[in-house]
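Visitor: Input structure: entry_8.csv, which contains CSV, C-alpha atoms.
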```csv
chain,number,residue,atom,x,y,z
V,1,MET,CA,-42.2,304.4,-38.2
V,2,VAL,CA,-45.1,304.3,-35.7
V,3,GLU,CA,-47.4,305.5,-38.5
V,4,TYR,CA,-46.5,302.5,-40.7
V,5,VAL,CA,-47.2,300.1,-37.9
V,6,VAL,CA,-50.5,301.8,-37.2
V,7,SER,CA,-51.5,301.8,-40.8
V,8,PHE,CA,-50.6,298.2,-41.2
V,9,LEU,CA,-52.7,297.2,-38.1
V,10,ILE,CA,-55.6,299.3,-39.3
V,11,LEU,CA,-55.6,297.7,-42.7
V,12,PHE,CA,-55.1,294.2,-41.3
V,13,GLY,CA,-57.9,294.7,-38.7
V,14,ALA,CA,-60.3,296.1,-41.3
V,15,VAL,CA,-59.6,293.2,-43.8
V,16,ILE,CA,-60.1,290.6,-41.1
V,17,THR,CA,-63.4,292.3,-39.9
V,18,PHE,CA,-64.6,292.3,-43.5
V,19,ILE,CA,-63.7,288.6,-44.0
V,20,GLY,CA,-65.6,287.7,-40.8
V,21,SER,CA,-68.8,289.3,-42.0
V,22,LEU,CA,-68.2,287.8,-45.5
V,23,GLY,CA,-68.3,284.4,-43.8
V,24,LEU,CA,-71.5,285.3,-42.1
V,25,ALA,CA,-73.1,286.2,-45.4
V,26,ARG,CA,-71.6,283.5,-47.5
V,27,LEU,CA,-71.4,280.2,-45.7
V,28,GLN,CA,-74.2,277.7,-45.9
V,29,ASP,CA,-75.4,276.5,-42.6
V,30,PHE,CA,-75.7,278.2,-39.2
V,31,TYR,CA,-72.9,276.3,-37.5
V,32,THR,CA,-70.3,277.1,-40.1
V,33,ARG,CA,-71.5,280.8,-40.2
V,34,LEU,CA,-70.8,280.9,-36.5
V,35,HIS,CA,-67.1,280.6,-37.0
V,36,GLY,CA,-66.6,283.6,-39.2
V,37,PRO,CA,-67.8,286.5,-37.0
V,38,THR,CA,-67.0,285.1,-33.6
V,39,LYS,CA,-63.3,284.7,-34.3
V,40,ALA,CA,-62.4,286.9,-37.2
V,41,THR,CA,-64.1,290.0,-35.7
V,42,THR,CA,-62.3,289.4,-32.4
V,43,LEU,CA,-58.9,289.5,-34.0
V,44,GLY,CA,-60.0,292.3,-36.4
V,45,VAL,CA,-61.3,294.6,-33.8
V,46,GLY,CA,-58.4,293.6,-31.5
V,47,SER,CA,-55.9,294.8,-34.0
V,48,LEU,CA,-57.8,298.0,-34.7
V,49,LEU,CA,-57.9,298.7,-31.0
V,50,LEU,CA,-54.1,298.0,-30.8
V,51,ALA,CA,-53.6,300.5,-33.6
V,52,SER,CA,-55.7,303.0,-31.7
V,53,ALA,CA,-53.7,302.5,-28.5
V,54,LEU,CA,-50.4,302.9,-30.4
V,55,TYR,CA,-51.7,306.0,-32.3
V,56,PHE,CA,-52.9,307.9,-29.2
V,57,SER,CA,-49.8,306.8,-27.2
V,58,SER,CA,-47.5,308.2,-29.9
V,59,ARG,CA,-49.0,311.7,-29.7
V,60,GLY,CA,-46.9,312.9,-26.8
V,61,THR,CA,-49.7,313.2,-24.3
V,62,GLY,CA,-48.8,310.1,-22.3
V,63,TRP,CA,-49.9,306.5,-22.6
V,64,SER,CA,-53.3,305.6,-23.8
V,65,LEU,CA,-53.9,302.0,-22.8
V,66,HIS,CA,-57.7,302.0,-22.1
V,67,GLU,CA,-58.3,300.4,-25.5
V,68,VAL,CA,-56.7,297.2,-24.0
V,69,LEU,CA,-59.8,297.1,-21.8
V,70,ILE,CA,-62.2,296.7,-24.8
V,71,THR,CA,-59.9,294.1,-26.4
V,72,LEU,CA,-59.8,292.1,-23.1
V,73,PHE,CA,-63.6,292.4,-22.8
V,74,LEU,CA,-64.2,291.2,-26.3
V,75,PHE,CA,-61.8,288.2,-25.8
V,76,ILE,CA,-63.7,287.2,-22.7
V,77,THR,CA,-67.2,287.7,-24.1
V,78,ALA,CA,-66.9,286.5,-27.7
V,79,PRO,CA,-66.5,282.8,-26.8
V,80,VAL,CA,-69.3,283.0,-24.3
V,81,SER,CA,-71.8,284.3,-26.9
V,82,ALA,CA,-70.5,281.9,-29.5
V,83,HIS,CA,-71.1,279.0,-27.1
V,84,LEU,CA,-74.6,280.2,-26.1
V,85,LEU,CA,-75.5,280.7,-29.8
V,86,ALA,CA,-74.3,277.2,-30.7
V,87,LYS,CA,-76.3,275.8,-27.7
V,88,ALA,CA,-79.4,277.7,-28.8
V,89,ALA,CA,-79.0,276.3,-32.3
V,90,LEU,CA,-78.7,272.8,-31.0
V,91,HIS,CA,-81.7,273.3,-28.8
V,92,LEU,CA,-83.8,274.5,-31.8
V,93,ARG,CA,-82.4,271.6,-33.9
V,94,LEU,CA,-81.4,273.8,-36.9
V,95,PRO,CA,-80.6,272.1,-40.1
V,96,ALA,CA,-76.8,271.4,-40.4
V,97,LEU,CA,-74.4,270.2,-43.0
V,98,SER,CA,-73.1,267.7,-40.5
V,99,GLN,CA,-75.6,266.3,-38.0
V,100,PRO,CA,-74.8,266.3,-34.3
V,101,PRO,CA,-74.1,262.8,-33.0
V,102,ARG,CA,-76.9,260.7,-31.6
V,103,GLY,CA,-78.1,261.7,-28.2
V,104,TRP,CA,-77.1,265.4,-28.5
V,105,PRO,CA,-78.4,267.8,-27.2
V,106,PRO,CA,-79.0,265.7,-24.0
V,107,ALA,CA,-82.7,265.8,-23.0
V,108,ALA,CA,-81.7,266.7,-19.4
V,109,MET,CA,-79.9,269.8,-20.6
V,110,GLU,CA,-83.1,271.8,-20.4
V,111,MET,CA,-83.0,271.8,-16.7
V,112,GLU,CA,-79.6,272.9,-15.6
V,113,PRO,CA,-78.8,272.1,-12.0
V,114,ARG,CA,-79.0,275.1,-9.7
V,115,ASP,CA,-77.1,275.6,-6.7
V,116,ASP,CA,-79.7,276.9,-4.3
V,117,LYS,CA,-77.3,277.2,-1.4
V,118,MET,CA,-75.7,280.1,-3.0
V,119,TYR,CA,-78.7,282.4,-2.9
S,1,MET,CA,-56.6,286.8,6.5
S,2,ARG,CA,-59.0,284.7,4.6
S,3,ALA,CA,-62.0,286.8,5.8
S,4,LEU,CA,-60.3,290.1,5.0
S,5,LEU,CA,-58.9,289.2,1.6
S,6,PRO,CA,-61.1,286.4,0.1
S,7,HIS,CA,-59.7,286.6,-3.4
S,8,PRO,CA,-56.0,287.7,-3.4
S,9,LEU,CA,-55.8,287.5,-7.2
S,10,LEU,CA,-58.9,289.6,-7.9
S,11,THR,CA,-57.6,292.6,-6.1
S,12,PRO,CA,-54.7,293.5,-8.4
S,13,ILE,CA,-56.8,292.6,-11.4
S,14,LEU,CA,-59.7,295.0,-10.4
S,15,ALA,CA,-57.1,297.7,-9.5
S,16,ALA,CA,-55.6,297.3,-13.0
S,17,VAL,CA,-59.0,297.5,-14.7
S,18,TRP,CA,-59.8,300.7,-12.7
S,19,LEU,CA,-56.5,302.3,-13.8
S,20,LEU,CA,-57.1,301.3,-17.4
S,21,LEU,CA,-60.7,302.6,-17.3
S,22,ASN,CA,-59.5,306.0,-16.0
S,23,ASN,CA,-56.5,306.0,-18.4
S,24,SER,CA,-54.4,307.5,-15.6
S,25,PHE,CA,-51.7,306.2,-13.3
S,26,SER,CA,-51.6,308.8,-10.6
S,27,LEU,CA,-51.2,307.9,-6.9
S,28,GLY,CA,-54.8,308.8,-6.1
S,29,HIS,CA,-56.2,306.4,-8.7
S,30,ILE,CA,-53.9,303.6,-7.6
S,31,LEU,CA,-55.1,303.9,-4.0
S,32,LEU,CA,-58.7,304.1,-5.1
S,33,GLY,CA,-58.2,301.1,-7.4
S,34,LEU,CA,-56.7,299.1,-4.6
S,35,LEU,CA,-59.6,300.1,-2.3
S,36,LEU,CA,-62.2,299.0,-4.9
S,37,GLY,CA,-60.2,295.8,-5.5
S,38,TRP,CA,-60.4,295.0,-1.9
S,39,PHE,CA,-64.0,296.0,-1.4
S,40,ILE,CA,-65.7,294.5,-4.4
S,41,PRO,CA,-64.5,290.8,-3.8
S,42,TRP,CA,-65.4,291.2,-0.1
S,43,PHE,CA,-68.8,292.6,-0.9
S,44,THR,CA,-69.6,289.9,-3.5
S,45,LEU,CA,-68.0,287.0,-1.7
S,46,ARG,CA,-71.3,285.0,-1.5
S,47,PHE,CA,-71.4,284.7,-5.3
S,48,TRP,CA,-68.1,282.9,-5.6
S,49,PRO,CA,-67.4,281.0,-2.4
S,50,GLN,CA,-64.7,278.9,-4.1
S,51,ARG,CA,-61.2,280.2,-4.0
S,52,VAL,CA,-59.2,280.2,-7.2
S,53,CYS,CA,-55.7,278.7,-6.9
S,54,ILE,CA,-53.1,278.8,-9.6
S,55,ARG,CA,-50.1,276.5,-9.5
S,56,ARG,CA,-47.1,276.7,-11.8
S,57,PRO,CA,-47.5,280.3,-13.2
S,58,LEU,CA,-44.8,279.5,-15.8
S,59,ILE,CA,-47.0,276.9,-17.5
S,60,LEU,CA,-49.9,279.4,-17.4
S,61,LEU,CA,-47.7,282.0,-19.0
S,62,ARG,CA,-46.6,279.6,-21.8
S,63,PHE,CA,-50.2,278.5,-22.2
S,64,ILE,CA,-51.3,282.2,-22.8
S,65,VAL,CA,-48.5,282.7,-25.3
S,66,VAL,CA,-49.4,279.5,-27.2
S,67,LEU,CA,-53.0,280.6,-27.1
S,68,LEU,CA,-52.4,284.1,-28.5
S,69,SER,CA,-50.2,282.8,-31.4
S,70,ASP,CA,-52.9,280.1,-32.1
S,71,ILE,CA,-55.6,282.8,-32.2
S,72,VAL,CA,-53.7,284.7,-34.9
S,73,LEU,CA,-52.8,281.6,-36.9
S,74,ALA,CA,-56.3,280.2,-36.6
S,75,ASN,CA,-57.8,283.4,-37.7
S,76,LEU,CA,-55.7,283.4,-40.8
S,77,ALA,CA,-56.7,279.8,-41.5
S,78,VAL,CA,-60.4,280.5,-41.0
S,79,ALA,CA,-60.1,283.6,-43.3
S,80,ARG,CA,-58.6,281.4,-46.0
S,81,ARG,CA,-61.4,278.8,-45.6
S,82,ILE,CA,-64.1,281.6,-45.8
S,83,LEU,CA,-62.5,283.0,-49.0
S,84,GLY,CA,-62.2,279.5,-50.5
S,85,ARG,CA,-64.9,277.4,-52.0
S,86,PRO,CA,-67.7,276.6,-49.5
S,87,ALA,CA,-68.2,273.2,-51.0
S,88,GLN,CA,-64.8,272.1,-49.9
S,89,LEU,CA,-65.5,272.6,-46.2
S,90,ARG,CA,-65.9,269.5,-44.1
S,91,PRO,CA,-67.7,270.7,-40.9
S,92,ALA,CA,-68.1,268.1,-38.2
S,93,PHE,CA,-69.3,267.6,-34.7
S,94,VAL,CA,-66.7,266.2,-32.4
S,95,ILE,CA,-67.2,264.8,-28.9
S,96,VAL,CA,-64.3,265.6,-26.6
S,97,PRO,CA,-64.1,263.5,-23.4
S,98,LEU,CA,-63.0,265.7,-20.5
S,99,SER,CA,-60.6,264.8,-17.7
S,100,LEU,CA,-61.0,268.2,-16.0
S,101,GLU,CA,-63.2,268.3,-13.0
S,102,THR,CA,-63.5,271.8,-11.6
S,103,ASP,CA,-66.0,274.3,-13.0
S,104,LEU,CA,-63.4,277.0,-13.6
S,105,ALA,CA,-61.1,274.7,-15.6
S,106,ILE,CA,-64.0,273.4,-17.7
S,107,SER,CA,-65.3,276.8,-18.6
S,108,LEU,CA,-61.7,278.0,-19.4
S,109,LEU,CA,-61.3,275.1,-21.7
S,110,ALA,CA,-64.6,275.8,-23.4
S,111,ASN,CA,-63.7,279.4,-23.9
S,112,THR,CA,-60.2,278.4,-25.2
S,113,ILE,CA,-61.8,276.1,-27.7
S,114,CYS,CA,-64.2,278.9,-28.9
S,115,LEU,CA,-61.2,281.2,-29.4
S,116,THR,CA,-59.1,278.9,-31.5
S,117,PRO,CA,-58.7,276.9,-34.7
S,118,GLY,CA,-62.1,277.0,-36.3
S,119,THR,CA,-63.8,275.2,-33.4
S,120,VAL,CA,-66.7,276.2,-31.2
S,121,SER,CA,-67.7,274.4,-28.1
S,122,ALA,CA,-71.4,273.8,-28.4
S,123,CYS,CA,-72.7,271.9,-25.4
S,124,LEU,CA,-71.5,270.4,-22.1
S,125,SER,CA,-73.1,267.2,-21.1
S,126,PRO,CA,-75.1,267.4,-17.8
S,127,ASP,CA,-72.6,265.0,-16.1
S,128,ARG,CA,-69.7,267.3,-17.1
S,129,ARG,CA,-67.8,264.5,-18.7
S,130,THR,CA,-68.0,265.3,-22.4
S,131,LEU,CA,-68.0,268.4,-24.5
S,132,LEU,CA,-69.6,268.7,-27.9
S,133,VAL,CA,-67.4,270.7,-30.3
S,134,HIS,CA,-68.2,271.9,-33.8
S,135,ALA,CA,-65.3,272.3,-36.2
S,136,LEU,CA,-65.4,274.3,-39.3
S,137,HIS,CA,-63.1,272.0,-41.3
S,138,ALA,CA,-62.1,268.7,-39.7
S,139,PRO,CA,-61.4,265.9,-42.2
S,140,ASP,CA,-59.7,264.0,-39.4
S,141,THR,CA,-61.7,264.2,-36.1
S,142,ASP,CA,-59.4,262.0,-34.0
S,143,THR,CA,-56.4,264.3,-34.6
S,144,LEU,CA,-58.5,267.3,-33.6
S,145,VAL,CA,-59.6,265.7,-30.3
S,146,ALA,CA,-56.0,264.7,-29.6
S,147,THR,CA,-54.7,268.2,-30.3
S,148,ILE,CA,-57.3,269.8,-28.0
S,149,LYS,CA,-56.5,267.5,-25.2
S,150,ALA,CA,-52.7,267.8,-25.5
S,151,ARG,CA,-52.5,271.5,-26.3
S,152,TYR,CA,-55.1,273.1,-24.1
S,153,GLU,CA,-56.5,270.6,-21.6
S,154,ALA,CA,-53.2,269.3,-20.2
S,155,PRO,CA,-51.8,272.7,-19.2
S,156,LEU,CA,-55.2,273.8,-17.8
S,157,LYS,CA,-55.3,270.6,-15.7
S,158,GLU,CA,-51.9,271.2,-14.4
S,159,VAL,CA,-52.4,274.9,-13.5
S,160,PHE,CA,-55.9,274.8,-12.0
S,161,GLU,CA,-56.4,271.3,-10.7
S,162,SER,CA,-53.2,270.3,-8.9
S,163,CYS,CA,-54.2,271.7,-5.5
G,1,MET,CA,-49.8,306.8,-45.1
G,2,LEU,CA,-52.7,307.1,-42.7
G,3,GLU,CA,-54.6,309.4,-45.1
G,4,TRP,CA,-55.3,306.7,-47.6
G,5,VAL,CA,-55.4,303.7,-45.2
G,6,LEU,CA,-58.3,305.2,-43.2
G,7,PRO,CA,-60.8,305.6,-46.1
G,8,VAL,CA,-60.0,302.0,-47.2
G,9,ALA,CA,-60.5,300.7,-43.7
G,10,PHE,CA,-63.8,302.7,-43.5
G,11,ALA,CA,-65.0,301.2,-46.7
G,12,LEU,CA,-64.2,297.6,-45.6
G,13,VAL,CA,-65.9,298.1,-42.2
G,14,ALA,CA,-68.9,299.6,-44.0
G,15,ALA,CA,-69.1,296.6,-46.3
G,16,ALA,CA,-68.9,294.3,-43.3
G,17,LEU,CA,-71.8,296.2,-41.7
G,18,GLY,CA,-73.7,295.8,-44.9
G,19,LEU,CA,-73.1,292.1,-45.1
G,20,SER,CA,-74.1,291.5,-41.5
G,21,PHE,CA,-77.2,293.6,-42.1
G,22,TRP,CA,-78.1,291.5,-45.1
G,23,ARG,CA,-77.8,288.4,-42.9
G,24,LEU,CA,-80.0,290.1,-40.3
G,25,ILE,CA,-82.8,290.6,-42.8
G,26,ARG,CA,-82.4,287.4,-44.7
G,27,GLY,CA,-82.4,285.1,-41.6
G,28,PRO,CA,-83.5,282.3,-42.1
G,29,SER,CA,-83.5,281.2,-38.5
G,30,LEU,CA,-83.6,283.1,-35.2
G,31,PRO,CA,-80.0,282.2,-34.1
G,32,ASP,CA,-78.8,283.5,-37.5
G,33,ARG,CA,-80.4,286.9,-36.7
G,34,ILE,CA,-78.9,287.0,-33.2
G,35,LEU,CA,-75.5,286.2,-34.7
G,36,ALA,CA,-76.0,288.9,-37.2
G,37,LEU,CA,-76.8,291.4,-34.4
G,38,ASP,CA,-73.8,290.2,-32.5
G,39,THR,CA,-71.6,290.8,-35.6
G,40,LEU,CA,-73.2,294.2,-36.1
G,41,TYR,CA,-72.2,295.4,-32.7
G,42,VAL,CA,-68.6,294.2,-33.1
G,43,ASN,CA,-68.5,296.0,-36.4
G,44,ALA,CA,-69.9,299.1,-34.9
G,45,ILE,CA,-67.1,299.1,-32.3
G,46,ALA,CA,-64.6,298.8,-35.2
G,47,ALA,CA,-66.2,301.8,-37.0
G,48,LEU,CA,-66.2,303.9,-33.8
G,49,VAL,CA,-62.5,303.1,-33.2
G,50,LEU,CA,-61.7,304.2,-36.7
G,51,LEU,CA,-63.7,307.3,-36.3
G,52,GLY,CA,-61.8,308.1,-33.1
G,53,ILE,CA,-58.5,307.9,-35.0
G,54,GLN,CA,-59.9,309.9,-37.9
G,55,LEU,CA,-61.2,312.7,-35.7
G,56,ASP,CA,-58.2,312.5,-33.4
G,57,SER,CA,-60.4,312.3,-30.4
G,58,ALA,CA,-60.4,309.8,-27.5
G,59,LEU,CA,-64.1,310.6,-26.7
G,60,TYR,CA,-65.4,307.7,-28.7
G,61,PHE,CA,-63.7,305.2,-26.4
G,62,GLU,CA,-66.6,305.3,-23.9
G,63,ALA,CA,-69.2,304.8,-26.6
G,64,ALA,CA,-67.3,301.7,-27.9
G,65,LEU,CA,-67.0,300.3,-24.4
G,66,LEU,CA,-70.7,300.8,-23.7
G,67,ILE,CA,-71.6,299.2,-27.0
G,68,ALA,CA,-69.4,296.2,-26.1
G,69,LEU,CA,-71.1,295.8,-22.7
G,70,MET,CA,-74.6,296.2,-23.9
G,71,GLY,CA,-74.1,294.1,-27.0
G,72,PHE,CA,-72.8,291.2,-25.0
G,73,VAL,CA,-75.7,291.4,-22.5
G,74,GLY,CA,-78.2,291.6,-25.4
G,75,THR,CA,-76.8,288.5,-27.1
G,76,VAL,CA,-76.8,286.5,-23.9
G,77,ALA,CA,-80.4,287.6,-23.1
G,78,PHE,CA,-81.6,286.6,-26.6
G,79,CYS,CA,-79.8,283.2,-26.4
G,80,LYS,CA,-81.2,282.6,-22.9
G,81,TYR,CA,-84.7,283.4,-24.3
G,82,LEU,CA,-84.3,280.9,-27.1
G,83,LEU,CA,-83.0,278.2,-24.7
G,84,ARG,CA,-85.4,278.6,-21.8
G,85,GLY,CA,-88.3,280.6,-23.2
G,86,ASP,CA,-87.7,283.1,-20.4
G,87,ILE,CA,-85.0,285.6,-19.4
G,88,ILE,CA,-85.5,286.3,-15.7
G,89,GLU,CA,-86.9,283.3,-13.8
```
Can you present the structure in this file as structure tokens?
Guide:
Amino acid sequence: MVEYVVSFLILFGAVITFIGSLGLARLQDFYTRLHGPTKATTLGVGSLLLASALYFSSRGTGWSLHEVLITLFLFITAPVSAHLLAKAALHLRLPALSQPPRGWPPAAMEMEPRDDKMY
Amino acid sequence: MRALLPHPLLTPILAAVWLLLNNSFSLGHILLGLLLGWFIPWFTLRFWPQRVCIRRPLILLRFIVVLLSDIVLANLAVARRILGRPAQLRPAFVIVPLSLETDLAISLLANTICLTPGTVSACLSPDRRTLLVHALHAPDTDTLVATIKARYEAPLKEVFESC
Amino acid sequence: MLEWVLPVAFALVAAALGLSFWRLIRGPSLPDRILALDTLYVNAIAALVLLGIQLDSALYFEAALLIALMGFVGTVAFCKYLLRGDIIE
């Protein structure tokens, strides 16, 4: 039974990972390309890691939950890198299928306020 | 109390991360994890002076469940869009006015937007009042803004800003 | 069931690596290449996890975790460089 669940999760994760990279290769401008990898790969790798946790937990040598850590880490970091990439693309004014609205990126964005009291 | 335990939430989280990292749940590791969970927030207190407060944990729990199911559904939708004809896509930039005020709530909202339905938060205005969001396929931008505000912003505001 | 699922999954992840690599070479802009590198490291994690299941060894977990950490720091550093022209100010 566990083997079927693991197999399904592995197949699902691999297909989603592949589709994410396909989006990266196939779509037309940078902003649409951004959507494929940052989301699809998170779910794809997440389900692969879930499969791995299930597989190693079902071997009778106790629980194996450390895969959850990578999943958690990916779910925290993937949006941050997507946001930074989008910000960098706006900053460089890359050609886009739909133009950003007038006034974006704001000119004042280049100098982010820094909280000097903290240091 | 405040000086000894500056971030009460961070301690169990760090202990759990330590246990997962070691992949072991023995008593020694639990004690060491709790010790690290106390020591690290105390040691790095100067980097996050603001204390995080969470009100209404049930709403937070429901928000997380909604978020997880949205991530799965949104991924399937994005996968279908990628496999479909690229010419049919209607990408758009959307401006979302924010009613959140604290840094933590705003960054959580930006992260949530990045994780869900074909949207990426691209830029926060310097005055922290509006967020620029790029959507993969948004024929109707007003609905998208309304969905983001009702589905993600409202619970975040209730959980993190009511104290 | 696992015997035939694993090779299929390996093939799909390898194809994903190839597609990301193509985008890395093709460009055309710098953020495109950074995004391709980001995707490459996530795909590498996927490949390592599959290898761990195939070889029945939990050793590859540490490698996957390190790739996740370093890949994220690398992506952020690249983006920061594009945004500010500097990494450490």
Visitor: Identify all chain S residues at most 7 Å from chain V by counting all atoms listed in the file; ligands do not count. Present them as a list in words.
Guide: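 Residues of chain S within 7 Å of chain V, counting all atoms listed in the file: Leu20, Leu21, Asn23, Arg46, Phe47, Asn75, Ala79, Ile82, Pro86, Pro91, Ala92, Phe93, Asn111, Cys114, Leu115, Gly118, Val120, Ser121, Ala122, Cys123, Ser125, Pro126 and Leu136 of chain S.
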Visitor: Print the selection's residues with C-alpha atoms to a file, as a short mmCIF file (atom, residue, chain, number, x, y, z; two decimals), keeping the file's coordinate frame.
Guide:
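Contents of selection-v5.cif, freshly written:
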```cif
data_model
loop_
_atom_site.label_atom_id
_atom_site.label_comp_id
_atom_site.auth_asym_id
_atom_site.auth_seq_id
_atom_site.Cartn_x
_atom_site.Cartn_y
_atom_site.Cartn_z
CA LEU S 20 -57.10 301.30 -17.40
CA LEU S 21 -60.70 302.60 -17.30
CA ASN S 23 -56.50 306.00 -18.40
CA ARG S 46 -71.30 285.00 -1.50
CA PHE S 47 -71.40 284.70 -5.30
CA ASN S 75 -57.80 283.40 -37.70
CA ALA S 79 -60.10 283.60 -43.30
CA ILE S 82 -64.10 281.60 -45.80
CA PRO S 86 -67.70 276.60 -49.50
CA PRO S 91 -67.70 270.70 -40.90
CA ALA S 92 -68.10 268.10 -38.20
CA PHE S 93 -69.30 267.60 -34.70
CA ASN S 111 -63.70 279.40 -23.90
CA CYS S 114 -64.20 278.90 -28.90
CA LEU S 115 -61.20 281.20 -29.40
CA GLY S 118 -62.10 277.00 -36.30
CA VAL S 120 -66.70 276.20 -31.20
CA SER S 121 -67.70 274.40 -28.10
CA ALA S 122 -71.40 273.80 -28.40
CA CYS S 123 -72.70 271.90 -25.40
CA SER S 125 -73.10 267.20 -21.10
CA PRO S 126 -75.10 267.40 -17.80
CA LEU S 136 -65.40 274.30 -39.30
#
```
Visitor: Out of G:Ile34, G:Val8, G:Cys79, G:Ile45, which residue has the shortest atom-to-atom distance to V:Ser7 when counting all atoms listed in the file?
Guide: G:Val8
Visitor: Quick one: residues within 12 Å of (-63.2, 300.7, -45.6) (file frame), counting only C-alpha atoms, please, as number ranges by chain.
Guide: V: 10-18; G: 4-18, 43, 46-47, 50-51
Visitor: So which one's closest to chain V, G:Leu55, G:Ile25, G:Leu48, G:Val42? Using all atoms listed in the file, please.
Guide: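 Closest to chain V, using all atoms listed in the file: G:Val42.
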Visitor: By how many Å are atom CA of S:Ala138 and atom CA of S:Glu153 apart?
Guide: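 Here the two named atoms are 19.0 Å from each other.
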Visitor: Counting only C-alpha atoms, what are the residues of chain G within 10 Å of chain S, and for each of them which pair of atoms is the nearest and at what distance in Å, to one decimal? Sort the table by chain and rising number, as a tab-separated table.
Guide:
```
residue	atom	partner	partner_atom	distance
G:Phe61	CA	S:Leu21	CA	9.9
G:Glu62	CA	S:Leu21	CA	9.3
G:Leu65	CA	S:Leu21	CA	9.8
```
Visitor: Looking at all atoms listed in the file, which of S:Thr116, S:Phe39, S:Ala15, S:Asn22 is the one that sits closest to S:Leu76?
Guide: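 When distances to S:Leu76 are compared using all atoms listed in the file, the smallest one comes from S:Thr116.
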Visitor: Find the distance between atom CA of S:Val17 and atom CA of S:Gly33 and write it in Å to one decimal.
Guide: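 That distance, rounded to one decimal, is 8.2 Å.
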Visitor: To one decimal place, how far is atom CA of V:Leu48 from atom CA of S:Phe63 in Å?
Guide: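 According to the coordinates, atom CA of V:Leu48 and atom CA of S:Phe63 are separated by 24.4 Å.
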Visitor: Between V:Leu72, V:Val45, V:Met1, V:Leu50, which residue has the minimum interatomic distance to chain G, considering all atoms listed in the file?
Guide: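 Ranked by minimum distance to chain G, first place goes to V:Val45.
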Visitor: Of the candidates V:Val6, V:Thr71, V:Pro37, V:Pro95, which shows the shortest atom-to-atom distance to V:Leu49, using all atoms listed in the file?
Guide: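 Smallest distance to V:Leu49 is found for V:Thr71.
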